[in-house]
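Undergrad: Provided herewith is a single structure, encoded as structure tokens, for subsequent inquiry.
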Amino acid sequence: MKASSRLLNSSLSKLDGSIHEQRMRSGTTLREKMAAAAMVPIFGQNVSDKYDLVPDWTSREVSTGTTIMAVEYDGGVVIGADSRTTTGAYIANRVTDKLTPIHDRIFCCRSGSAADTQAIADVVTYQLGFHSIELDEPPLVETAANLFKASCYRYREELTAGILVAGWDRRKGGQVYCVPIGGMLVRQPVSVGGSGSSYIYGFMDSNYKPGLSKDQCLELTAAALSLAMERRRLQWRRGQTGKHL
Amino acid sequence: MGLSSHFFSYENHNVRLYKGSTNAAPLPAASITSFTSRKHKPSFNKMATLTVSRPLFGGFSFENCKRNALLEGEANKVGCSLPAARKTGTTICGVVFKDGIVLGADTRATEGMIVADKNCSKIHYISPNIYCCGAGTAADTEMTTQIISSNLELHALSTGRLPRVATANRMLKQMLFRYQGYIGAALVLGGVDCNGPHLYSIYPHGSTDKLPYVTMGSGSLAAMAVFEDRYKPDMEEEDAKRLVRDAIAAGIFNDLGSGSNIDLCVITKGKVDYIRPHDEANKKGVRTGDYKYKRGTTGVLTKAVTPLALEVVEETVQTMDTS
């Protein structure tokens with residue numbers, strides 16, 4: 001029973017090629033995933049060939065091909081994200097708000113599958129709100145991060161969600177927690193995420209110093225995100241074959 | 001963590017396994033095999049909710065997938081293929097204007113390469129103040145909207161208030177997420193409630209976007225092009241109707257999966273205008289010629305009349321019920 005189920009499991013994960021490929025290399029763009037497995041359903045047949053009237057991208061899962069970032073400073077956090085949601089090569093929403101409030105002073109930055117991250121954020125908002133009422137005081141950022149981790153780790157096989165949890169509480173001040181795909185939890189003073197983050201690791205390493213002020217953090221975030229978005233735009237264009245700029 | 005069982009089907013599936021469910025086949029959902037070894041206390045404590053409707057639990061049952069795959073393989077070997085699900089290769093869109101919402105849709109339903117229905121209705125009723133356009137698999141959009149409409153009506157009776165668009169959105173997205181994209185319903189949900197007009201786009205996997213103008217379906221690119229060019233915030237009703245009409249027309253004339261007529265639905269506070277059809281963009285043409293020949297075209301050479309002597313054997317009279 002376990003063997004047959006594992007077979008079904010592996011073919012299920014091919015269904016959304018993003019889960020399978022993304023586990024192997026973080027920072028993979030959706031473009032590469034599309035090229036690798038053209039949305040092959042579980043039965044090994046490419047259904048989209050029969051129905052030429054309905055193009056591929058209508059059946060693709062909506063993904064936030066993203067760059068998100070969060071920085072701690074003394075007294076709070078600065079968070080930032082781009083605003084693009086894609087289904088394949090089509091931009092489904094060009095004004096997405098990827099910075100989702102979880103509580104009054106706690107936000108999360110969402111990357112990965114739009115449906116998965118929205119669902120997880122809704123669940124955690126509910127759980128944290130309930131917990132906060134029980135506690136009768138504002139919840140800790142670490143609590144919120146642990147709730148994200150619990151959901152992301154338990155359902156790690158089914159979900160594609162990379163989340164940055166950032167906020168302020170009275171005990172530890174501004175905090176940033178990183179919950180990448182797979183469900184790890186680690187606190188970092190500065191963190192970037194999403195498929196566009198690979199372009200700015202070098203920039204972050206050289207430009208971030210501990211002890212920045214709020215305005216410096218805002219500038220750093222703006223600069224880093226613009227860089228990543230520009231690089232992603234150029235990478236996409238160079239990757240196109242047969243189409244022209 | 002038991003609270004999440006309300007939203008994720010996987011836990012409920014676990015519970016069913018333990019209870020020796022009638023799903024005799026290998027696994028309901030292979031993706032949860034890794035959890036069977038854990039001792040999992042079934043948790044049914046849900047917070048008191050206002051929904052009196054029957055709670056949907058369990059997710060997609062993957063039991064017959066292997067069998068279907070084998071059947072499809074065998075059918076293909078012989079040369080025939082399984083019947084195609086009817087998809088509405090569609091253009092649907094919605095826009096927020098000054099006083100409310102305008103929803104628009106084409107009316108073509110396709111089955112593979114053939115038009116199955118030349119005049120199908122893609123704007124579905126959810127509640128008196130909320131309507132929903134559906135693209136994707138026709139059965140899925142139809143049933144999903146009917147289920148949520150029913151649940152929303154019970155919810156409204158429970159609260160005693162007119163339902164809100166955000167509630168419908170929540171119900172739809174949670175249901176679609178539970179089925180992990182297997183319900184092929186891409187929806188444009190719009191309505192006017194106590195907080196004003198709202199417009200949502202809902203994708204089959206369960207993600208939603210709240211926007212001032214949205215398009216979905218195979219013709220959505222053509223329609224979005226029109227919106228991006230001519231949308232302005234706070235339009236008048238006539239301008240909004242014209243914009244939506246043009247957007248759907250762009251989808252109809254530039255996308256093979258969309259066609260026939262344009263339906264509109266204008267929702268304002270206290271009034272709904274369901275205009276079907278608003279514009280008959282593709283009317284069936286009138287034949288200009290006729291293949292009938294006039295009497296006398298063929299000349300008669302000889303004529304012979306032979307009367308047949310027929311005997312009436314039996315006579316029955318059947319009265320028509322014209323009441």
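Just so we're on the same page: first chain in the structure tokens is A, next is B, and so on; residues restart at 1 for each chain, and ligands are numbered from 1 in the order they show up.
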Using only C-alpha atoms, determine which residues lie at most 12 Å from A:Ala224, disregarding the query and same-chain residues fewer than 5 positions distant; provide the list as a ChimeraX atom specification.

TA: /A:67-71,79-82,190-193,196-208,217-219,229-231

Undergrad: Output N, CA and C atoms for every residue in the selection just made, as a short mmCIF file (atom, residue, chain, number, x, y, z; two decimals), in the first residue's frame.

TA:
```
data_model
loop_
_atom_site.label_atom_id
_atom_site.label_comp_id
_atom_site.auth_asym_id
_atom_site.auth_seq_id
_atom_site.Cartn_x
_atom_site.Cartn_y
_atom_site.Cartn_z
N THR A 67 9.71 39.17 -5.55
CA THR A 67 10.82 39.53 -4.67
C THR A 67 10.21 40.14 -3.41
N ILE A 68 10.54 39.57 -2.26
CA ILE A 68 10.09 40.14 -1.00
C ILE A 68 11.27 40.32 -0.07
N MET A 69 11.11 41.25 0.85
CA MET A 69 12.26 41.59 1.70
C MET A 69 11.79 42.14 3.03
N ALA A 70 12.53 41.85 4.08
CA ALA A 70 12.19 42.41 5.39
C ALA A 70 13.49 42.71 6.14
N VAL A 71 13.53 43.87 6.80
CA VAL A 71 14.73 44.32 7.53
C VAL A 71 14.35 44.76 8.93
N ILE A 79 9.31 46.33 5.67
CA ILE A 79 9.06 45.22 4.74
C ILE A 79 8.74 45.79 3.37
N GLY A 80 9.04 44.99 2.33
CA GLY A 80 8.78 45.44 0.97
C GLY A 80 8.53 44.26 0.05
N ALA A 81 7.81 44.52 -1.05
CA ALA A 81 7.55 43.48 -2.04
C ALA A 81 7.23 44.12 -3.37
N ASP A 82 7.39 43.34 -4.46
CA ASP A 82 6.94 43.85 -5.76
C ASP A 82 5.43 43.58 -5.86
N VAL A 190 17.99 40.49 8.53
CA VAL A 190 17.48 40.91 7.23
C VAL A 190 17.28 39.66 6.38
N SER A 191 16.20 39.65 5.60
CA SER A 191 15.90 38.46 4.82
C SER A 191 15.25 38.85 3.51
N VAL A 192 15.60 38.12 2.44
CA VAL A 192 14.95 38.31 1.15
C VAL A 192 14.36 36.98 0.73
N GLY A 193 13.34 37.02 -0.11
CA GLY A 193 12.70 35.78 -0.54
C GLY A 193 12.04 35.93 -1.89
N GLY A 196 12.89 36.24 -7.30
CA GLY A 196 13.77 37.34 -7.69
C GLY A 196 14.85 37.64 -6.69
N SER A 197 14.83 36.94 -5.57
CA SER A 197 15.79 37.27 -4.52
C SER A 197 17.19 36.85 -4.89
N SER A 198 17.32 35.86 -5.78
CA SER A 198 18.67 35.39 -6.12
C SER A 198 19.54 36.49 -6.71
N TYR A 199 18.87 37.52 -7.32
CA TYR A 199 19.65 38.56 -7.95
C TYR A 199 20.23 39.56 -6.96
N ILE A 200 19.75 39.56 -5.73
CA ILE A 200 20.18 40.63 -4.83
C ILE A 200 20.91 40.14 -3.59
N TYR A 201 21.30 38.86 -3.57
CA TYR A 201 22.07 38.41 -2.41
C TYR A 201 23.38 39.17 -2.31
N GLY A 202 24.05 39.36 -3.45
CA GLY A 202 25.31 40.09 -3.44
C GLY A 202 25.11 41.52 -2.96
N PHE A 203 24.06 42.17 -3.48
CA PHE A 203 23.76 43.53 -3.08
C PHE A 203 23.52 43.62 -1.58
N MET A 204 22.76 42.67 -1.05
CA MET A 204 22.45 42.67 0.38
C MET A 204 23.71 42.46 1.20
N ASP A 205 24.53 41.50 0.79
CA ASP A 205 25.74 41.22 1.56
C ASP A 205 26.63 42.44 1.66
N SER A 206 26.71 43.21 0.57
CA SER A 206 27.63 44.33 0.61
C SER A 206 27.02 45.59 1.19
N ASN A 207 25.68 45.74 1.12
CA ASN A 207 25.10 47.00 1.55
C ASN A 207 24.44 46.99 2.91
N TYR A 208 24.19 45.81 3.48
CA TYR A 208 23.52 45.81 4.77
C TYR A 208 24.55 45.82 5.88
N CYS A 217 16.95 51.91 6.23
CA CYS A 217 16.33 50.63 5.90
C CYS A 217 15.35 50.79 4.74
N LEU A 218 14.56 51.86 4.77
CA LEU A 218 13.60 52.10 3.68
C LEU A 218 14.33 52.26 2.36
N GLU A 219 15.42 53.02 2.37
CA GLU A 219 16.18 53.22 1.14
C GLU A 219 16.75 51.91 0.63
N MET A 229 13.71 43.54 -9.45
CA MET A 229 12.65 43.60 -10.46
C MET A 229 13.23 43.86 -11.83
N GLU A 230 14.24 44.74 -11.89
CA GLU A 230 14.88 45.05 -13.16
C GLU A 230 15.58 43.83 -13.72
N ARG A 231 16.29 43.13 -12.83
CA ARG A 231 17.03 41.94 -13.27
C ARG A 231 16.08 40.87 -13.76
#
```

Undergrad: Skipping near chain neighbours, those fewer than 3 positions away, what residues fall within 10 Å of B:Ala247 using only C-alpha atoms, listed as a PDB file with N, CA, C and O atoms, in the first residue's frame?

TA:
```pdb
ATOM      1  N   THR B  91     -14.935  34.598 -22.617  1.00  0.00           N
ATOM      2  CA  THR B  91     -14.485  35.908 -22.169  1.00  0.00           C
ATOM      3  C   THR B  91     -15.476  36.392 -21.131  1.00  0.00           C
ATOM      4  O   THR B  91     -16.666  36.559 -21.430  1.00  0.00           O
ATOM      5  N   ILE B  92     -15.005  36.605 -19.917  1.00  0.00           N
ATOM      6  CA  ILE B  92     -15.854  37.223 -18.899  1.00  0.00           C
ATOM      7  C   ILE B  92     -15.089  38.377 -18.278  1.00  0.00           C
ATOM      8  O   ILE B  92     -13.868  38.352 -18.232  1.00  0.00           O
ATOM      9  N   CYS B  93     -15.815  39.386 -17.853  1.00  0.00           N
ATOM     10  CA  CYS B  93     -15.123  40.516 -17.248  1.00  0.00           C
ATOM     11  C   CYS B  93     -16.070  41.270 -16.338  1.00  0.00           C
ATOM     12  O   CYS B  93     -17.281  41.067 -16.361  1.00  0.00           O
ATOM     13  N   GLY B  94     -15.489  42.135 -15.525  1.00  0.00           N
ATOM     14  CA  GLY B  94     -16.301  42.954 -14.639  1.00  0.00           C
ATOM     15  C   GLY B  94     -15.595  44.269 -14.391  1.00  0.00           C
ATOM     16  O   GLY B  94     -14.364  44.348 -14.469  1.00  0.00           O
ATOM     17  N   GLY B 104     -19.894  41.281 -17.463  1.00  0.00           N
ATOM     18  CA  GLY B 104     -20.182  40.950 -18.845  1.00  0.00           C
ATOM     19  C   GLY B 104     -19.664  39.568 -19.178  1.00  0.00           C
ATOM     20  O   GLY B 104     -18.702  39.090 -18.576  1.00  0.00           O
ATOM     21  N   ALA B 105     -20.320  38.912 -20.155  1.00  0.00           N
ATOM     22  CA  ALA B 105     -19.862  37.589 -20.569  1.00  0.00           C
ATOM     23  C   ALA B 105     -20.305  37.334 -21.997  1.00  0.00           C
ATOM     24  O   ALA B 105     -21.303  37.896 -22.460  1.00  0.00           O
ATOM     25  N   THR B 215     -10.670  40.468 -15.820  1.00  0.00           N
ATOM     26  CA  THR B 215     -11.130  39.644 -16.934  1.00  0.00           C
ATOM     27  C   THR B 215     -10.658  38.224 -16.697  1.00  0.00           C
ATOM     28  O   THR B 215      -9.624  37.997 -16.072  1.00  0.00           O
ATOM     29  N   GLY B 219     -10.433  34.460 -23.580  1.00  0.00           N
ATOM     30  CA  GLY B 219     -10.416  35.756 -24.248  1.00  0.00           C
ATOM     31  C   GLY B 219     -10.033  36.895 -23.323  1.00  0.00           C
ATOM     32  O   GLY B 219     -10.210  38.067 -23.650  1.00  0.00           O
ATOM     33  N   SER B 220      -9.485  36.557 -22.140  1.00  0.00           N
ATOM     34  CA  SER B 220      -9.250  37.606 -21.144  1.00  0.00           C
ATOM     35  C   SER B 220      -8.170  38.574 -21.586  1.00  0.00           C
ATOM     36  O   SER B 220      -8.207  39.752 -21.229  1.00  0.00           O
ATOM     37  N   LEU B 221      -7.201  38.094 -22.372  1.00  0.00           N
ATOM     38  CA  LEU B 221      -6.130  39.009 -22.791  1.00  0.00           C
ATOM     39  C   LEU B 221      -6.696  40.106 -23.670  1.00  0.00           C
ATOM     40  O   LEU B 221      -6.359  41.294 -23.510  1.00  0.00           O
ATOM     41  N   ALA B 222      -7.576  39.710 -24.617  1.00  0.00           N
ATOM     42  CA  ALA B 222      -8.172  40.704 -25.505  1.00  0.00           C
ATOM     43  C   ALA B 222      -9.014  41.694 -24.708  1.00  0.00           C
ATOM     44  O   ALA B 222      -8.950  42.908 -24.930  1.00  0.00           O
ATOM     45  N   ALA B 223      -9.800  41.172 -23.764  1.00  0.00           N
ATOM     46  CA  ALA B 223     -10.660  42.053 -22.970  1.00  0.00           C
ATOM     47  C   ALA B 223      -9.834  42.965 -22.072  1.00  0.00           C
ATOM     48  O   ALA B 223     -10.146  44.150 -21.898  1.00  0.00           O
ATOM     49  N   MET B 224      -8.759  42.428 -21.495  1.00  0.00           N
ATOM     50  CA  MET B 224      -7.920  43.233 -20.612  1.00  0.00           C
ATOM     51  C   MET B 224      -7.256  44.359 -21.378  1.00  0.00           C
ATOM     52  O   MET B 224      -7.065  45.459 -20.858  1.00  0.00           O
ATOM     53  N   ALA B 225      -6.910  44.091 -22.644  1.00  0.00           N
ATOM     54  CA  ALA B 225      -6.304  45.147 -23.456  1.00  0.00           C
ATOM     55  C   ALA B 225      -7.248  46.339 -23.559  1.00  0.00           C
ATOM     56  O   ALA B 225      -6.836  47.497 -23.430  1.00  0.00           O
ATOM     57  N   VAL B 226      -8.544  46.056 -23.788  1.00  0.00           N
ATOM     58  CA  VAL B 226      -9.533  47.138 -23.867  1.00  0.00           C
ATOM     59  C   VAL B 226      -9.662  47.868 -22.535  1.00  0.00           C
ATOM     60  O   VAL B 226      -9.698  49.103 -22.481  1.00  0.00           O
ATOM     61  N   PHE B 227      -9.689  47.118 -21.448  1.00  0.00           N
ATOM     62  CA  PHE B 227      -9.801  47.739 -20.124  1.00  0.00           C
ATOM     63  C   PHE B 227      -8.610  48.629 -19.830  1.00  0.00           C
ATOM     64  O   PHE B 227      -8.738  49.762 -19.358  1.00  0.00           O
ATOM     65  N   ARG B 230      -8.971  51.934 -21.703  1.00  0.00           N
ATOM     66  CA  ARG B 230     -10.054  52.894 -21.522  1.00  0.00           C
ATOM     67  C   ARG B 230     -10.664  52.958 -20.133  1.00  0.00           C
ATOM     68  O   ARG B 230     -11.611  53.693 -19.920  1.00  0.00           O
ATOM     69  N   LYS B 241     -21.068  50.343 -19.183  1.00  0.00           N
ATOM     70  CA  LYS B 241     -21.702  49.300 -20.002  1.00  0.00           C
ATOM     71  C   LYS B 241     -21.041  49.241 -21.365  1.00  0.00           C
ATOM     72  O   LYS B 241     -20.780  48.168 -21.906  1.00  0.00           O
ATOM     73  N   ARG B 242     -20.746  50.413 -21.930  1.00  0.00           N
ATOM     74  CA  ARG B 242     -20.114  50.438 -23.244  1.00  0.00           C
ATOM     75  C   ARG B 242     -18.722  49.811 -23.168  1.00  0.00           C
ATOM     76  O   ARG B 242     -18.323  49.042 -24.040  1.00  0.00           O
ATOM     77  N   LEU B 243     -17.991  50.122 -22.101  1.00  0.00           N
ATOM     78  CA  LEU B 243     -16.638  49.573 -21.935  1.00  0.00           C
ATOM     79  C   LEU B 243     -16.664  48.058 -21.836  1.00  0.00           C
ATOM     80  O   LEU B 243     -15.888  47.361 -22.507  1.00  0.00           O
ATOM     81  N   VAL B 244     -17.584  47.546 -21.026  1.00  0.00           N
ATOM     82  CA  VAL B 244     -17.672  46.089 -20.852  1.00  0.00           C
ATOM     83  C   VAL B 244     -18.101  45.436 -22.158  1.00  0.00           C
ATOM     84  O   VAL B 244     -17.559  44.409 -22.576  1.00  0.00           O
ATOM     85  N   ALA B 250     -14.215  42.393 -27.989  1.00  0.00           N
ATOM     86  CA  ALA B 250     -12.814  42.119 -28.337  1.00  0.00           C
ATOM     87  C   ALA B 250     -12.501  40.654 -28.133  1.00  0.00           C
ATOM     88  O   ALA B 250     -11.854  40.012 -28.963  1.00  0.00           O
ATOM     89  N   GLY B 251     -12.975  40.087 -27.022  1.00  0.00           N
ATOM     90  CA  GLY B 251     -12.777  38.663 -26.766  1.00  0.00           C
ATOM     91  C   GLY B 251     -13.471  37.813 -27.813  1.00  0.00           C
ATOM     92  O   GLY B 251     -12.923  36.849 -28.332  1.00  0.00           O
ATOM     93  N   ILE B 252     -14.690  38.193 -28.160  1.00  0.00           N
ATOM     94  CA  ILE B 252     -15.476  37.388 -29.110  1.00  0.00           C
ATOM     95  C   ILE B 252     -14.814  37.366 -30.475  1.00  0.00           C
ATOM     96  O   ILE B 252     -14.692  36.310 -31.103  1.00  0.00           O
ATOM     97  N   ILE B 262     -23.447  38.976 -26.362  1.00  0.00           N
ATOM     98  CA  ILE B 262     -22.854  39.587 -25.165  1.00  0.00           C
ATOM     99  C   ILE B 262     -23.955  39.757 -24.128  1.00  0.00           C
ATOM    100  O   ILE B 262     -24.983  40.391 -24.392  1.00  0.00           O
TER     101      ILE B 262
END
```

Undergrad: What residues in chain B lie within 6 Å of chain A, counting only C-alpha atoms, written as a ChimeraX atom specification?

TA: /B:30-31,69,89,112,205-207,218,256-257

Undergrad: Write to file, as an mmCIF file, in the first residue's frame, the residues of the selection just made, with all heavy atoms.

TA:
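Printed below is again-v7.cif as written:
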```
data_model
loop_
_atom_site.group_PDB
_atom_site.id
_atom_site.type_symbol
_atom_site.label_atom_id
_atom_site.label_comp_id
_atom_site.auth_asym_id
_atom_site.auth_seq_id
_atom_site.Cartn_x
_atom_site.Cartn_y
_atom_site.Cartn_z
ATOM 1 N N ALA B 30 -3.188 10.317 -2.132
ATOM 2 C CA ALA B 30 -1.854 9.753 -1.924
ATOM 3 C C ALA B 30 -0.953 10.733 -1.210
ATOM 4 O O ALA B 30 -0.053 10.361 -0.497
ATOM 5 C CB ALA B 30 -1.258 9.377 -3.267
ATOM 6 N N SER B 31 -1.247 12.010 -1.393
ATOM 7 C CA SER B 31 -0.349 13.000 -0.822
ATOM 8 C C SER B 31 -0.347 12.976 0.686
ATOM 9 O O SER B 31 0.458 13.612 1.308
ATOM 10 C CB SER B 31 -0.729 14.368 -1.341
ATOM 11 O OG SER B 31 -2.120 14.528 -1.271
ATOM 12 N N ALA B 69 -7.113 6.138 -15.510
ATOM 13 C CA ALA B 69 -5.923 6.215 -16.355
ATOM 14 C C ALA B 69 -5.793 4.954 -17.203
ATOM 15 O O ALA B 69 -5.495 5.025 -18.401
ATOM 16 C CB ALA B 69 -4.680 6.400 -15.497
ATOM 17 N N GLY B 89 -14.807 28.026 -23.213
ATOM 18 C CA GLY B 89 -13.687 28.857 -23.647
ATOM 19 C C GLY B 89 -14.273 30.237 -23.778
ATOM 20 O O GLY B 89 -15.059 30.496 -24.660
ATOM 21 N N GLY B 112 -14.437 20.720 -27.004
ATOM 22 C CA GLY B 112 -13.324 20.495 -27.906
ATOM 23 C C GLY B 112 -13.352 21.583 -28.965
ATOM 24 O O GLY B 112 -13.247 22.761 -28.659
ATOM 25 N N HIS B 205 -7.394 27.480 -8.363
ATOM 26 C CA HIS B 205 -6.650 26.932 -7.232
ATOM 27 C C HIS B 205 -7.029 27.589 -5.911
ATOM 28 O O HIS B 205 -6.590 27.147 -4.855
ATOM 29 C CB HIS B 205 -5.145 27.079 -7.467
ATOM 30 C CG HIS B 205 -4.620 26.088 -8.439
ATOM 31 N ND1 HIS B 205 -4.037 24.897 -8.043
ATOM 32 C CD2 HIS B 205 -4.598 26.076 -9.786
ATOM 33 C CE1 HIS B 205 -3.686 24.219 -9.113
ATOM 34 N NE2 HIS B 205 -4.016 24.896 -10.189
ATOM 35 N N GLY B 206 -7.823 28.649 -5.978
ATOM 36 C CA GLY B 206 -8.301 29.228 -4.734
ATOM 37 C C GLY B 206 -7.698 30.562 -4.371
ATOM 38 O O GLY B 206 -7.889 31.036 -3.260
ATOM 39 N N SER B 207 -6.942 31.190 -5.279
ATOM 40 C CA SER B 207 -6.414 32.523 -4.983
ATOM 41 C C SER B 207 -7.395 33.560 -5.513
ATOM 42 O O SER B 207 -8.069 33.335 -6.521
ATOM 43 C CB SER B 207 -5.046 32.730 -5.616
ATOM 44 O OG SER B 207 -5.103 32.574 -7.010
ATOM 45 N N SER B 218 -10.432 32.384 -21.787
ATOM 46 C CA SER B 218 -9.451 32.356 -22.878
ATOM 47 C C SER B 218 -9.370 33.696 -23.595
ATOM 48 O O SER B 218 -8.346 34.046 -24.150
ATOM 49 C CB SER B 218 -9.810 31.251 -23.860
ATOM 50 O OG SER B 218 -11.137 31.432 -24.297
ATOM 51 N N LEU B 256 -11.034 32.343 -30.487
ATOM 52 C CA LEU B 256 -11.897 31.330 -31.067
ATOM 53 C C LEU B 256 -12.808 30.675 -30.042
ATOM 54 O O LEU B 256 -13.858 30.149 -30.386
ATOM 55 C CB LEU B 256 -11.053 30.238 -31.742
ATOM 56 C CG LEU B 256 -10.281 30.678 -32.976
ATOM 57 C CD1 LEU B 256 -9.422 29.546 -33.465
ATOM 58 C CD2 LEU B 256 -11.224 31.136 -34.058
ATOM 59 N N GLY B 257 -12.367 30.714 -28.782
ATOM 60 C CA GLY B 257 -13.168 30.041 -27.764
ATOM 61 C C GLY B 257 -14.361 30.851 -27.290
ATOM 62 O O GLY B 257 -15.180 30.366 -26.527
#
```

Undergrad: For A:Ser111, find every residue with an atom within 7 Å (counting only C-alpha atoms), except residues of its own chain fewer than 2 positions away, and show them as a list in words.

TA: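 Here the qualifying residues turn out to be Thr64, Thr66, Cys109, Ser113, Ala161, Gly162, Ile163 and Gly194 of chain A.
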
Undergrad: When DSSP works through the backbone of this structure, what residues of stretch 43-212 of chain A end up as helix (DSSP H, G or I), shown as an MDAnalysis selection string?

TA: chainID A and resid 47:49 56:58 114:135 141:154 195:207
